Amino acid sequence: MTLEPHADARDMFVVHAMFRREFGLMPGLVRAVAAGDSARAALVADHVALMSEGLAAHHQGEDDHLWPVLRERCPGECAPLVVVMDNQHHAIHDRLAQVATAAQSWRPAAAAGPRDALAEAVEQLLAITRDHLALEEERVVPLIEKYLPQAEYLLAPQESQAALPPDTLLIGLGMTLYGGSQDDVDAIVGHVPAQQRPTITERASSAYAAYAEKLYGTTTPPREAS
């Protein structure tokens, strides 16, 4: 009998680092938009929406494919922590809704008041998201690697990726790989179909560089947010 390999959840840390960086840079990005610059506001609001959708899809994959399995396989060890994860996901979902509402109010006229309200909404989202990601890395990743085989673990990121259009997916991959070590790159690219691997890193990196130049004014934005 061949045993399936245990989950390798190193990619979780890489994805989380991307969310911390992009959301961490976001309040400053929003506040830097001049009042009345609706073209720039639309670009930044699109980025806010992209990252919000990515975070929501990431959490939906966990809700569908990770938490039910952990509850079933290790009820004593895992179930209380899964309750905390669920509660944090609901809280983040509420903050994401507030961010979306604030972005919609800001986008049409790019006025200063709605701009600052959006930046504050992002900061509130960021605070709870940072706490959630840290707890997940410390407590949940070891349980995933203990109780899930690799094929089962990959259902969550595969579902998240399937929710994004191909061009957005390529930018998102480059965004995730940006600033990562070779081990980080290997952990992420290892999930890509084998026939795409020889070129996917370069293509994704180029896609994110072009995106970052429009958004941040440089192909090399800060690798970590302060």
# chains A, B, ... in the order shown; residues from 1 in each chain; ligands from 1
$ closest_atom_pairs --of "segment 55-96 of chain A" --to "segment 138-154 of chain A" --cutoff "10 Å" --atoms "only C-alpha atoms" --output "Markdown table"
| residue | atom | partner | partner_atom | distance |
| --- | --- | --- | --- | --- |
| A:Gly61 | CA | A:Leu154 | CA | 9.6 |
| A:Glu62 | CA | A:Tyr153 | CA | 9.3 |
| A:His65 | CA | A:Tyr153 | CA | 7.5 |
| A:Leu66 | CA | A:Tyr153 | CA | 7.1 |
| A:Trp67 | CA | A:Ile144 | CA | 9.5 |
| A:Val69 | CA | A:Leu148 | CA | 7.9 |
| A:Leu70 | CA | A:Tyr147 | CA | 7.2 |
| A:Arg73 | CA | A:Tyr147 | CA | 7.0 |
| A:Cys74 | CA | A:Tyr147 | CA | 7.8 |
| A:Glu77 | CA | A:Leu143 | CA | 8.7 |
| A:Cys78 | CA | A:Leu143 | CA | 7.4 |
| A:Leu81 | CA | A:Val140 | CA | 7.8 |
| A:Val82 | CA | A:Val140 | CA | 8.4 |
| A:Met85 | CA | A:Val140 | CA | 8.9 |
$ residues_around --residues "Glu22 of chain A" --least-positions-apart "5" --cutoff "9 Å" --atoms "only C-alpha atoms" --output "number ranges by chain"
A: 17, 51, 175, 224-225
$ write_last_selection --atoms "C-alpha atoms" --output "PDB file, in the first residue's frame"
ATOM      1  CA  ALA A  17       3.500  37.422   3.143  1.00  0.00           C
ATOM      2  CA  MET A  51      -6.696  42.083  -3.277  1.00  0.00           C
ATOM      3  CA  MET A 175       2.742  39.135  -6.774  1.00  0.00           C
ATOM      4  CA  GLU A 224       7.599  44.461   3.151  1.00  0.00           C
ATOM      5  CA  ALA A 225       5.157  47.050   4.418  1.00  0.00           C
TER       6      ALA A 225
END
$ residues_around --residues "segment 90-99 of chain A" --least-positions-apart "4" --cutoff "7 Å" --atoms "only C-alpha atoms" --output "list in words"
Ser52, Asp86, Ala103, Leu118, Ala121, Val122, Leu125, Ile128 and Thr129 of chain A
$ write_last_selection --atoms "N, CA and C atoms" --output "PDB file, in the first residue's frame"
ATOM      1  N   SER A  52      -8.890  42.316  -2.277  1.00  0.00           N
ATOM      2  CA  SER A  52     -10.008  41.889  -1.428  1.00  0.00           C
ATOM      3  C   SER A  52     -10.612  40.592  -1.948  1.00  0.00           C
ATOM      4  N   ASP A  86     -12.928  30.221  12.093  1.00  0.00           N
ATOM      5  CA  ASP A  86     -14.232  30.582  11.520  1.00  0.00           C
ATOM      6  C   ASP A  86     -14.656  31.985  11.951  1.00  0.00           C
ATOM      7  N   ALA A 103     -14.681  51.995  -0.931  1.00  0.00           N
ATOM      8  CA  ALA A 103     -14.073  52.159  -2.252  1.00  0.00           C
ATOM      9  C   ALA A 103     -15.090  52.627  -3.278  1.00  0.00           C
ATOM     10  N   LEU A 118     -11.662  55.300   3.184  1.00  0.00           N
ATOM     11  CA  LEU A 118     -11.213  54.024   2.634  1.00  0.00           C
ATOM     12  C   LEU A 118      -9.889  53.600   3.264  1.00  0.00           C
ATOM     13  N   ALA A 121     -10.581  52.230   6.600  1.00  0.00           N
ATOM     14  CA  ALA A 121     -11.227  50.913   6.521  1.00  0.00           C
ATOM     15  C   ALA A 121     -10.206  49.826   6.217  1.00  0.00           C
ATOM     16  N   VAL A 122      -9.248  50.128   5.344  1.00  0.00           N
ATOM     17  CA  VAL A 122      -8.191  49.161   5.032  1.00  0.00           C
ATOM     18  C   VAL A 122      -7.330  48.904   6.264  1.00  0.00           C
ATOM     19  N   LEU A 125      -9.138  46.549   8.506  1.00  0.00           N
ATOM     20  CA  LEU A 125      -9.058  45.199   7.936  1.00  0.00           C
ATOM     21  C   LEU A 125      -7.684  44.601   8.173  1.00  0.00           C
ATOM     22  N   ILE A 128      -6.926  43.127  11.871  1.00  0.00           N
ATOM     23  CA  ILE A 128      -7.492  41.821  12.200  1.00  0.00           C
ATOM     24  C   ILE A 128      -6.915  40.728  11.302  1.00  0.00           C
ATOM     25  N   THR A 129      -6.587  41.079  10.064  1.00  0.00           N
ATOM     26  CA  THR A 129      -6.024  40.090   9.144  1.00  0.00           C
ATOM     27  C   THR A 129      -4.635  39.666   9.583  1.00  0.00           C
TER      28      THR A 129
END
$ closest_residue --among "A:Pro222, A:Gly76, A:Pro27, A:Pro166" --to "Gln124 of chain A" --atoms "only C-alpha atoms"
A:Pro27
